[in-house]
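Chemist: As input, take entry36.cif (mmCIF, C-alpha atoms and all ligand atoms):
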```cif
data_target
loop_
_atom_site.group_PDB
_atom_site.id
_atom_site.type_symbol
_atom_site.label_atom_id
_atom_site.label_comp_id
_atom_site.auth_asym_id
_atom_site.auth_seq_id
_atom_site.Cartn_x
_atom_site.Cartn_y
_atom_site.Cartn_z
ATOM 1 C CA MET S 37 89.105 5.506 72.198
ATOM 2 C CA GLU S 38 91.822 7.644 70.605
ATOM 3 C CA LEU S 39 95.386 8.793 71.079
ATOM 4 C CA VAL S 40 95.693 12.570 71.144
ATOM 5 C CA LEU S 41 99.087 14.240 70.797
ATOM 6 C CA GLU S 42 99.364 17.981 71.247
ATOM 7 C CA GLY S 43 102.454 20.078 70.648
ATOM 8 C CA VAL S 44 104.826 17.194 71.383
ATOM 9 C CA SER S 45 108.502 18.244 71.214
ATOM 10 C CA LYS S 46 111.710 16.431 72.067
ATOM 11 C CA THR S 47 115.340 17.515 71.756
ATOM 12 C CA TYR S 48 118.078 14.986 72.576
ATOM 13 C CA PRO S 49 121.067 16.010 74.735
ATOM 14 C CA ASN S 50 123.201 16.160 71.561
ATOM 15 C CA GLY S 51 120.989 19.000 70.289
ATOM 16 C CA VAL S 52 118.984 17.004 67.698
ATOM 17 C CA LYS S 53 115.366 18.157 67.691
ATOM 18 C CA ALA S 54 113.696 14.833 66.919
ATOM 19 C CA LEU S 55 110.092 15.996 67.499
ATOM 20 C CA ASP S 56 108.967 19.512 66.742
ATOM 21 C CA ASN S 57 105.471 20.449 67.895
ATOM 22 C CA VAL S 58 103.724 17.241 66.787
ATOM 23 C CA THR S 59 99.930 17.452 66.990
ATOM 24 C CA LEU S 60 97.889 14.434 65.869
ATOM 25 C CA THR S 61 94.640 12.679 66.694
ATOM 26 C CA ILE S 62 94.935 8.951 66.140
ATOM 27 C CA PRO S 63 91.569 7.188 66.066
ATOM 28 C CA HIS S 64 90.666 3.526 66.468
ATOM 29 C CA GLY S 65 91.894 1.297 63.614
ATOM 30 C CA MET S 66 95.237 1.238 61.893
ATOM 31 C CA PHE S 67 97.147 4.509 61.676
ATOM 32 C CA GLY S 68 100.243 4.787 59.498
ATOM 33 C CA LEU S 69 103.116 7.025 60.491
ATOM 34 C CA LEU S 70 105.248 7.444 57.421
ATOM 35 C CA GLY S 71 108.567 9.215 57.034
ATOM 36 C CA PRO S 72 112.160 8.834 55.869
ATOM 37 C CA ASN S 73 114.895 7.573 58.162
ATOM 38 C CA GLY S 74 115.622 10.135 60.843
ATOM 39 C CA ALA S 75 112.147 11.740 60.579
ATOM 40 C CA GLY S 76 111.424 11.130 64.266
ATOM 41 C CA LYS S 77 109.084 8.131 64.010
ATOM 42 C CA SER S 78 110.869 5.971 66.578
ATOM 43 C CA SER S 79 111.255 8.947 68.895
ATOM 44 C CA LEU S 80 107.497 9.432 68.786
ATOM 45 C CA MET S 81 106.793 5.713 69.284
ATOM 46 C CA ARG S 82 109.165 5.486 72.247
ATOM 47 C CA SER S 83 107.614 8.587 73.821
ATOM 48 C CA VAL S 84 104.080 7.225 73.522
ATOM 49 C CA ALA S 85 105.305 3.858 74.842
ATOM 50 C CA THR S 86 106.578 5.660 77.997
ATOM 51 C CA LEU S 87 110.188 4.714 77.242
ATOM 52 C CA GLN S 88 111.372 8.300 77.069
ATOM 53 C CA ALA S 89 110.124 11.638 78.330
ATOM 54 C CA ILE S 90 109.113 14.511 76.062
ATOM 55 C CA ASP S 91 110.187 18.111 76.691
ATOM 56 C CA SER S 92 106.813 19.721 76.112
ATOM 57 C CA GLY S 93 103.305 19.021 74.889
ATOM 58 C CA SER S 94 100.770 16.423 75.980
ATOM 59 C CA MET S 95 99.912 12.822 75.079
ATOM 60 C CA LYS S 96 96.582 11.325 76.103
ATOM 61 C CA PHE S 97 95.092 7.921 75.431
ATOM 62 C CA ASP S 98 91.546 6.996 76.389
ATOM 63 C CA GLY S 99 91.517 9.252 79.456
ATOM 64 C CA ILE S 100 95.100 8.431 80.468
ATOM 65 C CA ASP S 101 97.656 11.222 80.623
ATOM 66 C CA ILE S 102 100.768 9.380 79.444
ATOM 67 C CA ALA S 103 103.371 11.597 81.135
ATOM 68 C CA SER S 104 101.792 11.556 84.600
ATOM 69 C CA GLN S 105 100.241 8.039 84.474
ATOM 70 C CA PRO S 106 102.844 5.901 82.678
ATOM 71 C CA ASP S 107 101.872 2.745 84.600
ATOM 72 C CA LYS S 108 98.245 3.059 83.524
ATOM 73 C CA LEU S 109 99.344 3.429 79.925
ATOM 74 C CA ARG S 110 101.608 0.370 80.184
ATOM 75 C CA ASP S 111 98.612 -1.672 81.369
ATOM 76 C CA VAL S 112 96.862 -1.102 78.036
ATOM 77 C CA LEU S 113 99.919 -0.979 75.781
ATOM 78 C CA GLY S 114 101.345 -3.579 73.414
ATOM 79 C CA TYR S 115 104.674 -2.629 71.869
ATOM 80 C CA LEU S 116 106.719 -4.208 69.109
ATOM 81 C CA PRO S 117 109.946 -2.205 68.976
ATOM 82 C CA GLN S 118 112.080 -1.839 65.875
ATOM 83 C CA ASP S 119 114.901 -3.934 67.276
ATOM 84 C CA PHE S 120 112.842 -6.684 68.879
ATOM 85 C CA GLY S 121 115.318 -9.267 70.095
ATOM 86 C CA VAL S 122 114.611 -12.839 71.151
ATOM 87 C CA TYR S 123 116.532 -15.367 73.197
ATOM 88 C CA PRO S 124 117.691 -17.780 70.475
ATOM 89 C CA LYS S 125 117.798 -20.910 72.618
ATOM 90 C CA VAL S 126 114.349 -20.588 74.165
ATOM 91 C CA THR S 127 111.277 -22.111 72.525
ATOM 92 C CA ALA S 128 108.358 -19.964 71.396
ATOM 93 C CA TRP S 129 106.103 -21.506 74.022
ATOM 94 C CA ASP S 130 108.512 -21.002 76.936
ATOM 95 C CA MET S 131 109.354 -17.434 75.958
ATOM 96 C CA LEU S 132 105.733 -16.371 75.554
ATOM 97 C CA ASP S 133 104.786 -18.128 78.785
ATOM 98 C CA HIS S 134 107.601 -16.305 80.566
ATOM 99 C CA LEU S 135 106.594 -12.930 79.116
ATOM 100 C CA ALA S 136 102.975 -13.567 80.099
ATOM 101 C CA GLN S 137 104.133 -14.254 83.637
ATOM 102 C CA LEU S 138 106.059 -10.970 83.661
ATOM 103 C CA LYS S 139 102.893 -9.214 82.511
ATOM 104 C CA GLY S 140 101.156 -10.503 85.616
ATOM 105 C CA LEU S 141 99.308 -13.566 84.333
ATOM 106 C CA GLY S 142 100.071 -15.602 87.413
ATOM 107 C CA LYS S 143 97.643 -18.511 87.299
ATOM 108 C CA ARG S 144 99.231 -21.294 85.289
ATOM 109 C CA SER S 145 96.154 -22.775 83.619
ATOM 110 C CA GLU S 146 94.786 -19.361 82.589
ATOM 111 C CA ARG S 147 98.192 -18.276 81.350
ATOM 112 C CA HIS S 148 98.550 -21.390 79.248
ATOM 113 C CA GLU S 149 95.174 -20.705 77.642
ATOM 114 C CA VAL S 150 96.353 -17.182 76.740
ATOM 115 C CA VAL S 151 99.679 -18.411 75.349
ATOM 116 C CA LYS S 152 97.916 -21.069 73.311
ATOM 117 C CA ALA S 153 95.427 -18.570 71.897
ATOM 118 C CA LEU S 154 98.170 -16.103 70.952
ATOM 119 C CA LEU S 155 100.292 -18.750 69.236
ATOM 120 C CA ASN S 156 97.248 -19.846 67.273
ATOM 121 C CA ARG S 157 96.310 -16.300 66.353
ATOM 122 C CA THR S 158 99.784 -15.597 65.004
ATOM 123 C CA ASN S 159 99.966 -18.939 63.179
ATOM 124 C CA LEU S 160 102.856 -20.151 65.315
ATOM 125 C CA TRP S 161 101.137 -22.984 67.160
ATOM 126 C CA GLU S 162 102.824 -25.697 65.116
ATOM 127 C CA HIS S 163 106.200 -24.071 65.821
ATOM 128 C CA ARG S 164 105.648 -23.720 69.578
ATOM 129 C CA SER S 165 108.419 -26.176 70.505
ATOM 130 C CA ARG S 166 110.999 -24.683 68.155
ATOM 131 C CA ARG S 167 113.758 -22.435 69.409
ATOM 132 C CA LEU S 168 113.333 -18.786 68.485
ATOM 133 C CA GLY S 169 116.856 -18.672 67.025
ATOM 134 C CA GLY S 170 115.649 -20.885 64.175
ATOM 135 C CA PHE S 171 112.686 -18.637 63.290
ATOM 136 C CA SER S 172 112.584 -16.764 59.967
ATOM 137 C CA GLY S 173 112.266 -12.969 59.976
ATOM 138 C CA GLY S 174 108.521 -13.172 59.410
ATOM 139 C CA MET S 175 108.038 -15.712 62.194
ATOM 140 C CA LYS S 176 110.046 -13.541 64.588
ATOM 141 C CA GLN S 177 107.835 -10.576 63.771
ATOM 142 C CA ARG S 178 104.700 -12.641 64.282
ATOM 143 C CA PHE S 179 106.125 -13.777 67.604
ATOM 144 C CA GLY S 180 106.754 -10.074 68.336
ATOM 145 C CA ILE S 181 103.068 -9.410 67.759
ATOM 146 C CA ALA S 182 102.087 -12.379 69.930
ATOM 147 C CA GLN S 183 104.055 -10.928 72.863
ATOM 148 C CA ALA S 184 102.674 -7.441 72.183
ATOM 149 C CA LEU S 185 99.131 -8.853 72.433
ATOM 150 C CA ILE S 186 99.549 -10.348 75.927
ATOM 151 C CA GLY S 187 96.989 -8.790 78.250
ATOM 152 C CA ASN S 188 94.625 -7.558 75.492
ATOM 153 C CA PRO S 189 96.165 -4.140 74.863
ATOM 154 C CA LYS S 190 94.024 -1.272 73.586
ATOM 155 C CA LEU S 191 96.945 0.609 72.083
ATOM 156 C CA ILE S 192 99.407 -1.310 69.944
ATOM 157 C CA ILE S 193 102.587 0.253 68.632
ATOM 158 C CA VAL S 194 104.583 -1.428 65.883
ATOM 159 C CA ASP S 195 107.802 0.196 64.740
ATOM 160 C CA GLU S 196 109.033 -0.645 61.201
ATOM 161 C CA PRO S 197 107.636 -4.189 61.372
ATOM 162 C CA THR S 198 107.993 -5.283 57.745
ATOM 163 C CA ALA S 199 111.538 -4.129 57.012
ATOM 164 C CA GLY S 200 113.473 -7.182 55.888
ATOM 165 C CA LEU S 201 110.460 -9.456 55.339
ATOM 166 C CA ASP S 202 109.954 -11.240 52.036
ATOM 167 C CA PRO S 203 106.687 -10.536 50.154
ATOM 168 C CA ALA S 204 104.863 -13.643 51.395
ATOM 169 C CA GLU S 205 105.833 -12.988 55.011
ATOM 170 C CA ARG S 206 104.893 -9.345 54.631
ATOM 171 C CA PHE S 207 101.466 -10.289 53.285
ATOM 172 C CA ARG S 208 100.878 -12.635 56.202
ATOM 173 C CA PHE S 209 102.010 -10.009 58.686
ATOM 174 C CA HIS S 210 99.715 -7.417 57.078
ATOM 175 C CA ASN S 211 96.728 -9.718 57.438
ATOM 176 C CA LEU S 212 97.531 -10.252 61.085
ATOM 177 C CA LEU S 213 97.785 -6.504 61.741
ATOM 178 C CA ALA S 214 94.546 -5.840 59.870
ATOM 179 C CA GLU S 215 92.688 -8.398 62.015
ATOM 180 C CA ILE S 216 94.069 -7.007 65.251
ATOM 181 C CA SER S 217 93.254 -3.405 64.431
ATOM 182 C CA GLU S 218 89.535 -3.981 64.229
ATOM 183 C CA ASP S 219 88.886 -3.164 67.855
ATOM 184 C CA VAL S 220 91.969 -1.235 69.054
ATOM 185 C CA VAL S 221 94.279 1.639 68.094
ATOM 186 C CA VAL S 222 97.278 0.409 66.102
ATOM 187 C CA LEU S 223 100.077 2.868 65.430
ATOM 188 C CA LEU S 224 102.286 1.579 62.639
ATOM 189 C CA SER S 225 105.541 3.333 61.860
ATOM 190 C CA THR S 226 107.197 2.651 58.525
ATOM 191 C CA HIS S 227 109.170 4.118 55.659
ATOM 192 C CA ILE S 228 107.415 1.746 53.248
ATOM 193 C CA VAL S 229 104.636 3.678 51.537
ATOM 194 C CA THR S 230 102.758 0.617 50.281
ATOM 195 C CA ASP S 231 102.422 -0.706 53.863
ATOM 196 C CA VAL S 232 100.353 2.375 54.646
ATOM 197 C CA ALA S 233 98.493 2.334 51.325
ATOM 198 C CA ASP S 234 97.509 -1.309 51.879
ATOM 199 C CA LEU S 235 96.575 -1.144 55.537
ATOM 200 C CA CYS S 236 95.786 2.229 57.004
ATOM 201 C CA ARG S 237 92.558 4.187 57.194
ATOM 202 C CA ASN S 238 94.404 7.229 58.515
ATOM 203 C CA MET S 239 97.964 8.401 58.248
ATOM 204 C CA ALA S 240 100.495 11.153 58.816
ATOM 205 C CA ILE S 241 103.815 11.962 57.213
ATOM 206 C CA LEU S 242 106.632 13.028 59.492
ATOM 207 C CA ALA S 243 109.783 14.779 58.264
ATOM 208 C CA GLY S 244 112.404 16.596 60.300
ATOM 209 C CA GLY S 245 110.355 15.954 63.441
ATOM 210 C CA LYS S 246 107.307 17.758 62.037
ATOM 211 C CA VAL S 247 103.963 16.511 60.731
ATOM 212 C CA ILE S 248 103.981 17.673 57.127
ATOM 213 C CA LEU S 249 100.718 16.029 56.061
ATOM 214 C CA SER S 250 97.920 14.001 57.644
ATOM 215 C CA GLY S 251 94.581 12.561 56.578
ATOM 216 C CA HIS S 252 93.009 9.603 54.806
ATOM 217 C CA PRO S 253 95.280 7.929 52.217
ATOM 218 C CA LEU S 254 92.556 7.833 49.545
ATOM 219 C CA GLU S 255 91.551 11.463 50.037
ATOM 220 C CA LEU S 256 95.146 12.669 50.066
ATOM 221 C CA THR S 257 95.745 10.769 46.836
ATOM 222 C CA LYS S 258 92.604 12.214 45.252
ATOM 223 C CA ALA S 259 93.706 15.727 46.209
ATOM 224 C CA ILE S 260 96.693 15.634 43.822
ATOM 225 C CA GLU S 261 94.778 14.123 40.885
ATOM 226 C CA GLY S 262 95.446 15.922 37.614
ATOM 227 C CA ARG S 263 98.782 17.303 38.792
ATOM 228 C CA ILE S 264 101.096 14.286 38.483
ATOM 229 C CA TRP S 265 102.847 13.661 35.157
ATOM 230 C CA LYS S 266 105.269 10.992 34.020
ATOM 231 C CA ARG S 267 107.978 10.440 31.440
ATOM 232 C CA PHE S 268 110.715 7.880 30.876
ATOM 233 C CA VAL S 269 114.141 9.525 31.013
ATOM 234 C CA THR S 270 117.772 8.539 30.654
ATOM 235 C CA ALA S 271 120.272 9.514 33.330
ATOM 236 C CA GLU S 272 121.468 12.431 31.175
ATOM 237 C CA GLU S 273 117.950 13.631 30.393
ATOM 238 C CA LEU S 274 117.011 13.482 34.052
ATOM 239 C CA GLU S 275 119.503 16.180 34.950
ATOM 240 C CA ALA S 276 118.160 18.549 32.303
ATOM 241 C CA VAL S 277 114.511 17.715 33.066
ATOM 242 C CA SER S 278 115.036 18.351 36.786
ATOM 243 C CA LYS S 279 116.129 21.898 36.004
ATOM 244 C CA GLU S 280 112.960 22.544 33.982
ATOM 245 C CA VAL S 281 110.205 20.888 35.979
ATOM 246 C CA PRO S 282 109.664 19.809 39.625
ATOM 247 C CA VAL S 283 110.589 16.106 39.609
ATOM 248 C CA ILE S 284 109.267 14.587 42.841
ATOM 249 C CA ALA S 285 110.496 11.023 42.349
ATOM 250 C CA VAL S 286 112.204 8.719 39.906
ATOM 251 C CA ARG S 287 110.930 5.149 39.856
ATOM 252 C CA ARG S 288 112.476 2.127 38.242
ATOM 253 C CA VAL S 289 110.055 0.480 35.863
ATOM 254 C CA ALA S 290 111.237 -2.587 33.945
ATOM 255 C CA GLY S 291 114.820 -1.387 34.152
ATOM 256 C CA ARG S 292 114.060 2.143 32.955
ATOM 257 C CA ARG S 293 113.818 5.417 34.845
ATOM 258 C CA LEU S 294 110.356 6.902 35.124
ATOM 259 C CA ALA S 295 110.276 10.511 36.332
ATOM 260 C CA HIS S 296 107.169 11.729 38.183
ATOM 261 C CA VAL S 297 106.557 15.473 38.180
ATOM 262 C CA PHE S 298 104.138 17.587 40.213
ATOM 263 C CA ALA S 299 102.823 20.546 38.208
ATOM 264 C CA GLU S 300 99.529 22.374 37.649
ATOM 265 C CA GLN S 301 99.980 22.262 33.849
ATOM 266 C CA GLN S 302 101.120 19.356 31.691
ATOM 267 C CA PRO S 303 104.850 19.766 31.061
ATOM 268 C CA HIS S 304 106.045 19.254 27.478
ATOM 269 C CA GLY S 305 106.787 15.605 26.704
ATOM 270 C CA PHE S 306 105.020 14.287 29.844
ATOM 271 C CA GLU S 307 101.788 12.341 30.099
ATOM 272 C CA ALA S 308 99.152 12.309 32.815
ATOM 273 C CA VAL S 309 99.283 9.588 35.450
ATOM 274 C CA THR S 310 96.782 8.567 38.122
ATOM 275 C CA PRO S 311 98.547 9.367 41.379
ATOM 276 C CA ASP S 312 99.143 6.854 44.146
ATOM 277 C CA LEU S 313 100.247 7.256 47.754
ATOM 278 C CA GLU S 314 103.920 7.314 46.734
ATOM 279 C CA ASP S 315 103.201 10.459 44.726
ATOM 280 C CA VAL S 316 101.522 11.981 47.787
ATOM 281 C CA TYR S 317 104.511 11.026 49.924
ATOM 282 C CA PHE S 318 107.225 12.299 47.595
ATOM 283 C CA GLN S 319 105.293 15.458 46.709
ATOM 284 C CA SER S 320 104.851 16.365 50.368
ATOM 285 C CA LEU S 321 108.513 15.626 51.175
ATOM 286 C CA SER S 322 109.670 17.704 48.250
ATOM 287 C CA ALA S 323 107.333 20.595 49.199
ATOM 288 C CA SER S 324 108.495 20.499 52.820
ATOM 289 C CA SER S 325 112.195 20.437 51.917
ATOM 290 C CA LYS S 326 111.645 23.451 49.621
ATOM 291 C CA LYS S 327 109.881 25.242 52.436
ATOM 292 C CA ALA S 328 112.750 24.458 54.803
ATOM 293 C CA ALA S 329 115.395 25.645 52.304
HETATM 294 P P1 LIG I 1 113.103 7.513 62.533
HETATM 295 O O1 LIG I 1 112.525 6.504 63.444
HETATM 296 O O2 LIG I 1 112.061 8.249 61.747
HETATM 297 O O3 LIG I 1 114.193 6.978 61.660
HETATM 298 P P2 LIG I 1 114.357 8.600 64.932
HETATM 299 O O4 LIG I 1 113.287 8.987 65.879
HETATM 300 O O5 LIG I 1 115.075 7.329 65.155
HETATM 301 O O6 LIG I 1 113.768 8.663 63.439
HETATM 302 O O7 LIG I 1 115.455 9.764 64.884
HETATM 303 C C1 LIG I 1 115.134 11.136 64.741
HETATM 304 C C2 LIG I 1 116.411 11.937 64.913
HETATM 305 O O8 LIG I 1 116.845 11.874 66.264
HETATM 306 C C3 LIG I 1 117.583 11.454 64.056
HETATM 307 O O9 LIG I 1 118.334 12.583 63.663
HETATM 308 C C4 LIG I 1 118.363 10.585 65.026
HETATM 309 O O10 LIG I 1 119.728 10.547 64.672
HETATM 310 C C5 LIG I 1 118.161 11.315 66.345
HETATM 311 N N1 LIG I 1 118.164 10.423 67.517
HETATM 312 C C6 LIG I 1 117.362 9.344 67.718
HETATM 313 N N2 LIG I 1 117.604 8.784 68.916
HETATM 314 C C7 LIG I 1 118.562 9.539 69.503
HETATM 315 C C8 LIG I 1 119.232 9.490 70.762
HETATM 316 N N3 LIG I 1 118.939 8.559 71.677
HETATM 317 N N4 LIG I 1 120.170 10.438 71.007
HETATM 318 C C9 LIG I 1 120.458 11.386 70.110
HETATM 319 N N5 LIG I 1 119.875 11.498 68.901
HETATM 320 C C10 LIG I 1 118.930 10.586 68.597
#
```
Show me the file's structure as structure tokens.
Modeler:
Amino acid sequence: MELVLEGVSKTYPNGVKALDNVTLTIPHGMFGLLGPNGAGKSSLMRSVATLQAIDSGSMKFDGIDIASQPDKLRDVLGYLPQDFGVYPKVTAWDMLDHLAQLKGLGKRSERHEVVKALLNRTNLWEHRSRRLGGFSGGMKQRFGIAQALIGNPKLIIVDEPTAGLDPAERFRFHNLLAEISEDVVVLLSTHIVTDVADLCRNMAILAGGKVILSGHPLELTKAIEGRIWKRFVTAEELEAVSKEVPVIAVRRVAGRRLAHVFAEQQPHGFEAVTPDLEDVYFQSLSASSKKAA
């Protein structure tokens, strides 16, 4: 069971090329699609979710050709969109029951079993009689996953799910995603690098509609070992340093600026640092923007 994208391209009527020849094989488990705002992540998610057509290329999931068999894909799809809205005055139970009915679960007793199981799985059972308008951000997202899981989907798409969640809610949401992904394909789009580092066995980085890097997070991180260097800098120093060496990112550490540099040789005044996925991410973005320039 895998999702195979080949040469997927999409240009919007306003001329923006949101997807430019995207080729990816997304295996079973959790796959992280990482990229800055405007990279094309949502465009890709919406295309796979059959919500918009692509201009060229092909998308196949488990024997289903998505463009010509959108209904078949929808039968096995669970989707949590970026702007998942809820009816504020409806209770969690009623809303999920209604959505289950829309998904074709007609028989009342069976449907109620499904709704009960999903509320339990997402830790919302005790809140089943509360109105959705009173839910916290994390609870809303867990409810979003509950509705995405109706009908036992094989392909689950979650678009920027942890933006705006506090650390405890994020942790809880991560655990839920990790459990779900054991037997299905989960495509997780995010601009938060640590979400991917924490959760995903495979990943790709998208920028300007193109895949600029893909692979296993640990292997990609290992591949830049020995080439990342760090140094604390002041704002004034940073300007001068940036002219001398390729600064890929500046992090804030305990109120100070820490510059990370990608270079084959140790630059003067810098010390070696064990890279993490953020270094991979910023190095690949900086290499791709240089290539584009
Ligand atoms: P991401 O999800 O990575 O932030 P998007 O897929 O939302 O990226 O956007 C990719 C590019 O396509 C951006 O330049 C965005 O402004 C543009 N875009 C997205 N949706 C539309 C649309 N419906 N019409 C025109 N341009 C769009």
Chemist: Would you write out, as a ChimeraX atom specification, every residue that the PyMOL selection byres (((chain S and resi 231) around 10) and not hetatm) captures in this file?
Modeler: /S:68,70,196-198,206-207,210,224-230,232-236
Chemist: Report the closest atom pair, with its distance in Å rounded to one decimal, for each residue of chain S that has an atom no farther than 6 Å from ligand LIG 1 (chain I); count all atoms listed in the file, sort by chain and then rising residue number, and write it as CSV.
Modeler:
```
residue,atom,partner,partner_atom,distance
S:Tyr48,CA,I:LIG1,C9,5.0
S:Asn50,CA,I:LIG1,C9,5.7
S:Val52,CA,I:LIG1,N5,5.7
S:Ala54,CA,I:LIG1,O8,4.4
S:Gly71,CA,I:LIG1,O2,5.9
S:Pro72,CA,I:LIG1,O2,5.9
S:Asn73,CA,I:LIG1,O3,3.6
S:Gly74,CA,I:LIG1,O6,3.5
S:Ala75,CA,I:LIG1,O2,3.7
S:Gly76,CA,I:LIG1,O4,3.3
S:Lys77,CA,I:LIG1,O2,3.7
S:Ser78,CA,I:LIG1,O1,3.6
S:Ser79,CA,I:LIG1,O4,3.6
```
Chemist: Could you check which of S:His134, S:Arg267, S:Lys96, S:Arg237 is closest to Glu255 of chain S, using only C-alpha atoms?
Modeler: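 The answer is S:Arg237, which sits nearest to Glu255 of chain S.
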Chemist: Just the residues within 8 Å of Arg178 of chain S, please, counting all atoms listed in the file, with nothing from its chain fewer than 2 positions along; format it as a PyMOL selection string.
Modeler: chain S and resi 158-160+174-176+180-182+209
Chemist: Check which residues satisfy the PyMOL selection byres (((chain S and resi 154) around 10) and not hetatm) in the file shown, then give them as a list in words.
Modeler: Leu132, His148, Glu149, Val150, Val151, Lys152, Ala153, Leu155, Asn156, Arg157, Thr158, Asn159, Leu160, Trp161, Arg178, Phe179, Ile181, Ala182, Gln183, Ala184, Leu185 and Ile186 of chain S
Chemist: Next, the residues of the selection above should be written as a short mmCIF file (atom, residue, chain, number, x, y, z; two decimals), keeping the file's coordinate frame with C-alpha atoms.
Modeler:
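Full text of result-v6.cif as output:
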```cif
data_model
loop_
_atom_site.label_atom_id
_atom_site.label_comp_id
_atom_site.auth_asym_id
_atom_site.auth_seq_id
_atom_site.Cartn_x
_atom_site.Cartn_y
_atom_site.Cartn_z
CA LEU S 132 105.73 -16.37 75.55
CA HIS S 148 98.55 -21.39 79.25
CA GLU S 149 95.17 -20.70 77.64
CA VAL S 150 96.35 -17.18 76.74
CA VAL S 151 99.68 -18.41 75.35
CA LYS S 152 97.92 -21.07 73.31
CA ALA S 153 95.43 -18.57 71.90
CA LEU S 155 100.29 -18.75 69.24
CA ASN S 156 97.25 -19.85 67.27
CA ARG S 157 96.31 -16.30 66.35
CA THR S 158 99.78 -15.60 65.00
CA ASN S 159 99.97 -18.94 63.18
CA LEU S 160 102.86 -20.15 65.32
CA TRP S 161 101.14 -22.98 67.16
CA ARG S 178 104.70 -12.64 64.28
CA PHE S 179 106.12 -13.78 67.60
CA ILE S 181 103.07 -9.41 67.76
CA ALA S 182 102.09 -12.38 69.93
CA GLN S 183 104.06 -10.93 72.86
CA ALA S 184 102.67 -7.44 72.18
CA LEU S 185 99.13 -8.85 72.43
CA ILE S 186 99.55 -10.35 75.93
#
```
Chemist: May I have the residues within 12 Å of Gly99 of chain S as a PyMOL selection string, using all atoms listed in the file and disregarding those fewer than 5 positions away in the same chain?
Modeler: chain S and resi 37-40+104-105+108-109+112
Chemist: Deliver the residues from the most recent selection as a file, using C-alpha atoms, as a JSON list (two decimals), in the frame of the given file.
Modeler:
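Writing done, so here's selection_0.json:
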```
[["chain", "number", "residue", "atom", "x", "y", "z"],
["S", 37, "MET", "CA", 89.10, 5.51, 72.20],
["S", 38, "GLU", "CA", 91.82, 7.64, 70.60],
["S", 39, "LEU", "CA", 95.39, 8.79, 71.08],
["S", 40, "VAL", "CA", 95.69, 12.57, 71.14],
["S", 104, "SER", "CA", 101.79, 11.56, 84.60],
["S", 105, "GLN", "CA", 100.24, 8.04, 84.47],
["S", 108, "LYS", "CA", 98.24, 3.06, 83.52],
["S", 109, "LEU", "CA", 99.34, 3.43, 79.92],
["S", 112, "VAL", "CA", 96.86, -1.10, 78.04]]
```
Chemist: Would you kindly translate the PyMOL selection byres (((chain S and resi 280) around 12) and not hetatm) into the concrete residues it picks from this file, as a list in words?
Modeler: Glu273, Leu274, Glu275, Ala276, Val277, Ser278, Lys279, Val281, Pro282, Val283, Val297, Phe298, Ala299, Pro303, His304 and Gly305 of chain S
Chemist: Do you have the atom CA of Lys46 of chain S-atom CA of Ser94 of chain S distance handy?
Modeler: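 If I compute the distance from atom CA of Lys46 of chain S to atom CA of Ser94 of chain S, I get 11.6 Å.
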Chemist: Which residue gives the smallest distance to Lys326 of chain S among S:Ile284, S:Leu313, S:His252, S:Ile90, with only C-alpha atoms counted?
Modeler: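 Smallest separation from Lys326 of chain S among the options: S:Ile284.
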Chemist: Of the candidates S:Gly173, S:Gly187, S:Pro124, S:Pro311, which one gets nearest to Pro203 of chain S if we count all atoms listed in the file?
Modeler: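 Ranking S:Gly173, S:Gly187, S:Pro124, S:Pro311 by distance to Pro203 of chain S, first place goes to S:Gly173.
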